[in-house]
file input.tsv (TSV, C-alpha atoms)
chain	number	residue	atom	x	y	z
Q	1	ASN	CA	107.40	-16.39	44.75
Q	2	ALA	CA	105.24	-14.92	41.97
Q	3	GLY	CA	103.92	-11.81	43.78
Q	4	VAL	CA	101.34	-10.25	41.45
Q	5	THR	CA	100.50	-12.01	38.20
Q	6	GLN	CA	98.61	-10.30	35.39
Q	7	THR	CA	97.18	-12.00	32.32
Q	8	PRO	CA	97.21	-11.52	29.42
Q	9	LYS	CA	100.35	-9.46	28.77
Q	10	PHE	CA	99.04	-8.14	25.46
Q	11	GLN	CA	95.53	-7.86	24.03
Q	12	VAL	CA	93.90	-6.29	21.00
Q	13	LEU	CA	90.16	-5.67	21.15
Q	14	LYS	CA	87.65	-4.31	18.72
Q	15	THR	CA	85.47	-1.40	19.77
Q	16	GLY	CA	82.45	-2.68	21.64
Q	17	GLN	CA	83.97	-5.99	22.71
Q	18	SER	CA	84.16	-6.95	26.36
Q	19	MET	CA	86.97	-8.65	28.22
Q	20	THR	CA	88.40	-9.33	31.65
Q	21	LEU	CA	91.94	-8.55	32.72
Q	22	GLN	CA	93.06	-11.03	35.32
Q	23	CYS	CA	95.09	-10.25	38.43
Q	24	ALA	CA	96.19	-12.71	41.09
Q	25	GLN	CA	98.45	-12.31	44.11
Q	26	ASP	CA	100.03	-14.91	46.37
Q	27	MET	CA	101.15	-12.61	49.19
Q	28	ASN	CA	97.87	-12.61	51.14
Q	29	HIS	CA	97.76	-8.81	50.98
Q	30	GLU	CA	94.53	-7.04	51.87
Q	31	TYR	CA	94.66	-4.17	49.44
Q	32	MET	CA	94.53	-4.43	45.66
Q	33	SER	CA	94.23	-1.77	43.01
Q	34	TRP	CA	93.99	-1.30	39.27
Q	35	TYR	CA	95.77	1.54	37.51
Q	36	ARG	CA	96.07	2.62	33.92
Q	37	GLN	CA	99.23	4.25	32.61
Q	38	ASP	CA	99.13	6.68	29.73
Q	39	PRO	CA	102.05	8.77	28.38
Q	40	GLY	CA	102.50	12.01	30.32
Q	41	MET	CA	99.72	11.18	32.76
Q	42	GLY	CA	101.41	8.83	35.17
Q	43	LEU	CA	99.26	6.15	36.78
Q	44	ARG	CA	95.60	6.81	37.35
Q	45	LEU	CA	93.61	4.80	39.84
Q	46	ILE	CA	90.64	2.95	38.33
Q	47	HIS	CA	89.27	0.87	41.23
Q	48	TYR	CA	90.62	-0.43	44.48
Q	49	SER	CA	89.71	-2.98	47.14
Q	50	VAL	CA	90.48	-3.13	50.84
Q	51	GLY	CA	89.50	-6.77	51.20
Q	52	ALA	CA	87.34	-9.55	49.85
Q	53	GLY	CA	83.87	-8.25	49.06
Q	54	ILE	CA	84.84	-4.57	49.36
Q	55	THR	CA	85.62	-2.37	46.35
Q	56	ASP	CA	85.51	1.33	45.62
Q	57	GLN	CA	86.03	3.72	42.73
Q	58	GLY	CA	89.24	5.54	42.01
Q	59	GLU	CA	89.96	8.52	39.77
Q	60	VAL	CA	88.82	7.07	36.42
Q	61	PRO	CA	86.25	4.28	37.05
Q	62	ASN	CA	83.91	4.83	34.09
Q	63	GLY	CA	83.77	1.89	31.68
Q	64	TYR	CA	85.31	-0.55	34.14
Q	65	ASN	CA	83.89	-2.98	36.69
Q	66	VAL	CA	85.63	-4.95	39.42
Q	67	SER	CA	84.78	-7.55	42.01
Q	68	ARG	CA	86.78	-9.16	44.80
Q	69	SER	CA	85.37	-12.54	45.79
Q	70	THR	CA	88.66	-13.83	47.21
Q	71	THR	CA	91.77	-12.26	48.73
Q	72	GLU	CA	93.88	-13.55	45.85
Q	73	ASP	CA	91.97	-12.37	42.77
Q	74	PHE	CA	90.90	-8.94	41.56
Q	75	PRO	CA	89.71	-9.03	37.92
Q	76	LEU	CA	89.03	-5.88	35.91
Q	77	ARG	CA	86.19	-6.00	33.39
Q	78	LEU	CA	85.79	-3.79	30.37
Q	79	LEU	CA	82.12	-3.89	29.48
Q	80	SER	CA	82.24	-2.30	26.01
Q	81	ALA	CA	85.75	-1.40	24.94
Q	82	ALA	CA	86.46	2.04	23.48
Q	83	PRO	CA	89.62	3.40	21.80
Q	84	SER	CA	90.07	5.71	24.80
Q	85	GLN	CA	90.73	2.61	26.89
Q	86	THR	CA	93.90	1.85	24.95
Q	87	SER	CA	96.50	1.87	27.70
Q	88	VAL	CA	98.82	-0.18	29.87
Q	89	TYR	CA	97.02	-1.59	32.88
Q	90	PHE	CA	98.74	-2.40	36.16
Q	91	CYS	CA	97.40	-4.37	39.06
Q	92	ALA	CA	98.96	-3.92	42.49
Q	93	ALA	CA	98.64	-5.62	45.87
Q	94	GLY	CA	99.76	-4.23	49.20
Q	95	GLN	CA	99.46	-3.79	52.92
Q	96	ASN	CA	101.25	-1.63	55.48
Q	97	TYR	CA	101.82	1.22	53.07
Q	98	GLY	CA	103.34	0.18	49.81
Q	99	TYR	CA	102.29	-1.77	46.76
Q	100	THR	CA	103.80	-4.60	44.75
Q	101	PHE	CA	102.97	-4.21	41.09
Q	102	GLY	CA	102.37	-6.73	38.37
Q	103	SER	CA	104.20	-6.49	35.05
Q	104	GLY	CA	101.22	-4.98	33.24
Q	105	THR	CA	98.76	-5.69	30.42
Q	106	ARG	CA	99.13	-3.68	27.22
Q	107	LEU	CA	95.64	-3.24	25.76
Q	108	THR	CA	94.89	-1.81	22.33
Q	109	VAL	CA	91.32	-1.07	21.28
Q	110	VAL	CA	90.82	-0.61	17.54
C	1	ALA	CA	91.20	14.97	47.76
C	2	GLN	CA	94.90	14.38	47.51
C	3	SER	CA	96.95	15.20	44.42
C	4	VAL	CA	100.58	15.06	43.36
C	5	THR	CA	102.59	17.35	41.09
C	6	GLN	CA	105.96	16.32	39.76
C	7	LEU	CA	107.60	19.51	38.65
C	8	ASP	CA	109.90	18.09	35.97
C	9	SER	CA	108.82	15.73	33.21
C	10	GLN	CA	112.41	14.95	32.20
C	11	VAL	CA	115.74	15.35	34.00
C	12	PRO	CA	118.95	14.72	32.06
C	13	VAL	CA	122.10	14.39	34.17
C	14	PHE	CA	125.64	13.18	33.72
C	15	GLU	CA	126.86	10.01	35.40
C	16	GLU	CA	128.25	10.55	38.94
C	17	ALA	CA	126.49	13.92	39.25
C	18	PRO	CA	123.88	14.57	41.97
C	19	VAL	CA	120.20	14.67	41.10
C	20	GLU	CA	117.00	15.95	42.67
C	21	LEU	CA	113.54	15.01	41.43
C	22	ARG	CA	110.89	17.36	42.72
C	23	CYS	CA	107.47	16.46	44.06
C	24	ASN	CA	104.74	18.58	45.64
C	25	TYR	CA	101.49	17.26	47.05
C	26	SER	CA	98.20	18.64	48.26
C	27	SER	CA	96.00	17.12	50.89
C	28	SER	CA	93.66	18.26	53.60
C	29	VAL	CA	94.77	15.60	56.08
C	30	SER	CA	97.89	13.80	57.13
C	31	VAL	CA	99.49	11.94	54.27
C	32	TYR	CA	101.79	9.11	53.55
C	33	LEU	CA	104.28	9.67	50.74
C	34	PHE	CA	106.08	7.34	48.38
C	35	TRP	CA	108.55	7.22	45.53
C	36	TYR	CA	108.40	4.40	42.99
C	37	VAL	CA	110.72	3.59	40.08
C	38	GLN	CA	109.76	2.02	36.76
C	39	TYR	CA	112.40	0.52	34.50
C	40	PRO	CA	111.51	0.08	30.81
C	41	ASN	CA	108.74	-2.46	30.15
C	42	GLN	CA	108.40	-3.32	33.82
C	43	GLY	CA	106.00	-2.66	36.66
C	44	LEU	CA	106.71	-0.18	39.44
C	45	GLN	CA	109.01	-0.87	42.38
C	46	LEU	CA	108.85	0.91	45.73
C	47	LEU	CA	111.97	3.05	46.37
C	48	LEU	CA	111.06	4.55	49.73
C	49	LYS	CA	108.18	5.79	51.83
C	50	TYR	CA	107.47	8.39	54.49
C	51	LEU	CA	104.91	7.41	57.13
C	52	SER	CA	105.92	9.42	60.19
C	53	GLY	CA	108.93	10.36	62.30
C	54	SER	CA	112.20	11.51	60.74
C	55	THR	CA	111.63	13.71	57.73
C	56	LEU	CA	114.67	12.29	55.94
C	57	VAL	CA	113.88	8.89	54.50
C	58	LYS	CA	116.44	6.54	52.99
C	59	GLY	CA	115.52	4.00	50.34
C	60	ILE	CA	117.03	1.45	48.06
C	61	ASN	CA	119.75	2.07	45.48
C	62	GLY	CA	121.19	5.03	47.42
C	63	PHE	CA	118.13	7.27	47.06
C	64	GLU	CA	116.73	9.43	49.83
C	65	ALA	CA	113.86	11.88	50.15
C	66	GLU	CA	112.98	14.67	52.53
C	67	PHE	CA	109.47	15.41	53.71
C	68	ASN	CA	108.77	19.12	54.15
C	69	LYS	CA	105.33	19.70	55.60
C	70	SER	CA	105.38	23.50	55.39
C	71	GLN	CA	106.26	23.39	51.68
C	72	THR	CA	104.17	20.25	51.03
C	73	SER	CA	107.11	18.71	49.24
C	74	PHE	CA	108.79	15.32	49.09
C	75	HIS	CA	111.82	15.67	46.84
C	76	LEU	CA	113.93	12.67	45.87
C	77	ARG	CA	117.73	12.93	45.83
C	78	LYS	CA	120.77	10.88	45.02
C	79	PRO	CA	124.31	12.23	45.52
C	80	SER	CA	125.85	10.34	42.59
C	81	VAL	CA	123.84	8.69	39.82
C	82	HIS	CA	124.72	5.74	37.62
C	83	ILE	CA	123.71	4.83	34.09
C	84	SER	CA	121.54	2.10	35.61
C	85	ASP	CA	119.42	4.75	37.37
C	86	THR	CA	117.91	5.72	34.03
C	87	ALA	CA	114.19	5.10	34.55
C	88	GLU	CA	110.90	6.82	35.25
C	89	TYR	CA	110.25	7.90	38.82
C	90	PHE	CA	106.82	8.41	40.32
C	91	CYS	CA	105.88	10.30	43.45
C	92	ALA	CA	102.71	9.11	45.16
C	93	VAL	CA	100.50	10.11	48.08
C	94	SER	CA	97.97	8.25	50.18
C	95	GLU	CA	95.54	9.50	52.78
C	96	GLY	CA	94.07	6.17	53.75
C	97	THR	CA	95.21	4.15	56.71
C	98	GLY	CA	97.33	1.38	55.27
C	99	GLY	CA	97.96	3.27	52.07
C	100	PHE	CA	95.29	1.51	50.07
C	101	LYS	CA	94.16	4.53	48.02
C	102	THR	CA	97.37	5.77	46.47
C	103	ILE	CA	97.44	8.56	43.89
C	104	PHE	CA	100.42	9.00	41.57
C	105	GLY	CA	102.07	11.95	39.90
C	106	ALA	CA	102.69	12.12	36.17
C	107	GLY	CA	106.26	10.86	36.51
C	108	THR	CA	109.76	12.19	35.92
C	109	ARG	CA	112.00	10.53	33.37
C	110	LEU	CA	115.58	10.48	34.63
C	111	PHE	CA	118.13	10.10	31.85
C	112	VAL	CA	121.72	9.51	32.97
C	113	LYS	CA	124.35	10.28	30.34
C	114	ALA	CA	127.89	8.90	30.22

call {"tool": "encode", "arguments": {"input": "input.tsv", "output": "structure tokens"}}
result
Amino acid sequence: NAGVTQTPKFQVLKTGQSMTLQCAQDMNHEYMSWYRQDPGMGLRLIHYSVGAGITDQGEVPNGYNVSRSTTEDFPLRLLSAAPSQTSVYFCAAGQNYGYTFGSGTRLTVV
Amino acid sequence: AQSVTQLDSQVPVFEEAPVELRCNYSSSVSVYLFWYVQYPNQGLQLLLKYLSGSTLVKGINGFEAEFNKSQTSFHLRKPSVHISDTAEYFCAVSEGTGGFKTIFGAGTRLFVKA
């Protein structure tokens, strides 16, 4: 039972490049979210979704896009990467109060 | 909008001693409260949650937390810690039905010494 799968695990981007962080869940959970984790700042919510076709902004949405065409997948797109987006990104899926987290993507923008 | 403040960034403690990790929240409506644990190089794992009912909530690994509405607090406790409890602990709050919009605190690093 995989739970929440994030790919890639590591990525280095140049400033201005675009990329998509992938997130897939096999638990049929309604809710999915993307967080970024930075030292001393905990996890900050980027975007979240309450079901296929429905997304909304979190605390730090600027520079990121999401879509949710299926229950299983919730990709996060960086349109034009900036050094400030260097972080560890976590995807989570949940229902009934409580999330299951993926193992994270460590992104470095140079 | 909801927010979470974890009052200690680091808590060192000796093995078999009790520990309390402090968490305060702010919200204008009823909230749901959570504690998560993150071991090195891993994702987060749910320790326990308060939804309603009894204010004392028991979780995994011997942890418990007490919801105090008047003090807007949700402190995490364990009567006797082990080396394996060394990790980062996050308090979180959600206002949404189902808990879909969950906001996290900055985290408390628990370091258990032999």

call {"tool": "atom_distance", "arguments": {"input": "input.tsv", "atom1": "CA of Ser9 (chain C)", "atom2": "CA of Thr108 (chain C)"}}
result
4.6 Å

call {"tool": "interface_residues", "arguments": {"input": "input.tsv", "of": "chain Q", "to": "chain C", "cutoff": "7 Å", "atoms": "only C-alpha atoms", "output": "ChimeraX atom specification"}}
result
/Q:31,40-45,50,95-98,100-104

call {"tool": "residues_around", "arguments": {"input": "input.tsv", "residues": "Ala114 (chain C)", "least_positions_apart": "2", "cutoff": "8 Å", "atoms": "only C-alpha atoms", "output": "PDB file with C-alpha atoms, in the frame of the given file"}}
result
ATOM      1  CA  PHE C  14     125.640  13.180  33.720  1.00  0.00           C
ATOM      2  CA  GLU C  15     126.860  10.010  35.400  1.00  0.00           C
ATOM      3  CA  ILE C  83     123.710   4.830  34.090  1.00  0.00           C
ATOM      4  CA  VAL C 112     121.720   9.510  32.970  1.00  0.00           C
TER       5      VAL C 112
END

call {"tool": "closest_residue", "arguments": {"input": "input.tsv", "among": "Q:Val60, Q:Ala52, Q:Leu13, Q:Val66", "to": "Pro83 (chain Q)", "atoms": "all atoms listed in the file"}}
result
Q:Leu13

call {"tool": "closest_residue", "arguments": {"input": "input.tsv", "among": "C:Ala1, C:Thr86, C:Thr72, C:Ala65", "to": "Leu21 (chain C)", "atoms": "only C-alpha atoms"}}
result
C:Ala65

call {"tool": "residues_near_point", "arguments": {"input": "input.tsv", "point": "(79.7, -8.3, 47.1)", "cutoff": "8 Å", "atoms": "only C-alpha atoms", "output": "CSV table (one decimal) with C-alpha atoms, in the coordinates of the input"}}
result
chain,number,residue,atom,x,y,z
Q,53,GLY,CA,83.9,-8.2,49.1
Q,54,ILE,CA,84.8,-4.6,49.4
Q,67,SER,CA,84.8,-7.6,42.0
Q,68,ARG,CA,86.8,-9.2,44.8
Q,69,SER,CA,85.4,-12.5,45.8

call {"tool": "atom_distance", "arguments": {"input": "input.tsv", "atom1": "CA of Gln71 (chain C)", "atom2": "CA of Ser28 (chain C)"}}
result
13.7 Å

call {"tool": "closest_residue", "arguments": {"input": "input.tsv", "among": "C:Glu16, C:Lys69, C:Gln2, C:Glu95", "to": "Ser30 (chain C)", "atoms": "all atoms listed in the file"}}
result
C:Glu95

call {"tool": "atom_distance", "arguments": {"input": "input.tsv", "atom1": "CA of Phe111 (chain C)", "atom2": "CA of Thr105 (chain Q)"}}
result
25.0 Å

call {"tool": "closest_residue", "arguments": {"input": "input.tsv", "among": "Q:His29, Q:Lys9, Q:Arg77, Q:Lys14", "to": "Phe90 (chain Q)", "atoms": "all atoms listed in the file"}}
result
Q:Lys9

call {"tool": "residues_around", "arguments": {"input": "input.tsv", "residues": "Lys78 (chain C)", "least_positions_apart": "6", "cutoff": "6 Å", "atoms": "all atoms listed in the file", "output": "compact mmCIF listing (two decimals) with C-alpha atoms, keeping the file's coordinate frame"}}
result
# COMPACT_ATOMS: atom_id res chain seq x y z
CA PRO C 18 123.88 14.57 41.97
CA VAL C 19 120.20 14.67 41.10
CA PHE C 63 118.13 7.27 47.06

call {"tool": "closest_residue", "arguments": {"input": "input.tsv", "among": "Q:Met27, Q:Met32, Q:Val109, Q:Ala2", "to": "Leu78 (chain Q)", "atoms": "all atoms listed in the file"}}
result
Q:Val109

call {"tool": "residues_near_point", "arguments": {"input": "input.tsv", "point": "(123.7, 3.0, 48.0)", "cutoff": "10 Å", "atoms": "only C-alpha atoms", "output": "list in words"}}
result
Lys58, Gly59, Ile60, Asn61, Gly62, Phe63, Glu64, Lys78, Pro79, Ser80 and Val81 of chain C

call {"tool": "residues_around", "arguments": {"input": "input.tsv", "residues": "region 84-88 of chain Q", "least_positions_apart": "4", "cutoff": "9 Å", "atoms": "all atoms listed in the file", "output": "PyMOL selection string"}}
result
chain Q and resi 35-39+63+78+104-110

call {"tool": "residues_around", "arguments": {"input": "input.tsv", "residues": "Leu76 (chain Q)", "least_positions_apart": "5", "cutoff": "8 Å", "atoms": "all atoms listed in the file", "output": "compact mmCIF listing (two decimals) with C-alpha atoms, keeping the file's coordinate frame"}}
result
# COMPACT_ATOMS: atom_id res chain seq x y z
CA THR Q 20 88.40 -9.33 31.65
CA LEU Q 21 91.94 -8.55 32.72
CA GLN Q 22 93.06 -11.03 35.32
CA CYS Q 23 95.09 -10.25 38.43
CA TRP Q 34 93.99 -1.30 39.27
CA TYR Q 64 85.31 -0.55 34.14
CA ASN Q 65 83.89 -2.98 36.69
CA VAL Q 66 85.63 -4.95 39.42
CA SER Q 67 84.78 -7.55 42.01

call {"tool": "closest_residue", "arguments": {"input": "input.tsv", "among": "C:His82, C:Lys113, C:His75, C:Arg22", "to": "Thr55 (chain C)", "atoms": "all atoms listed in the file"}}
result
C:His75

call {"tool": "residues_around", "arguments": {"input": "input.tsv", "residues": "Ser33 (chain Q)", "least_positions_apart": "2", "cutoff": "7 Å", "atoms": "all atoms listed in the file", "output": "list of chain:residue names"}}
result
Q:Tyr31, Q:Tyr35, Q:His47, Q:Tyr48, Q:Ser49, Q:Cys91, Q:Ala92, Q:Ala93
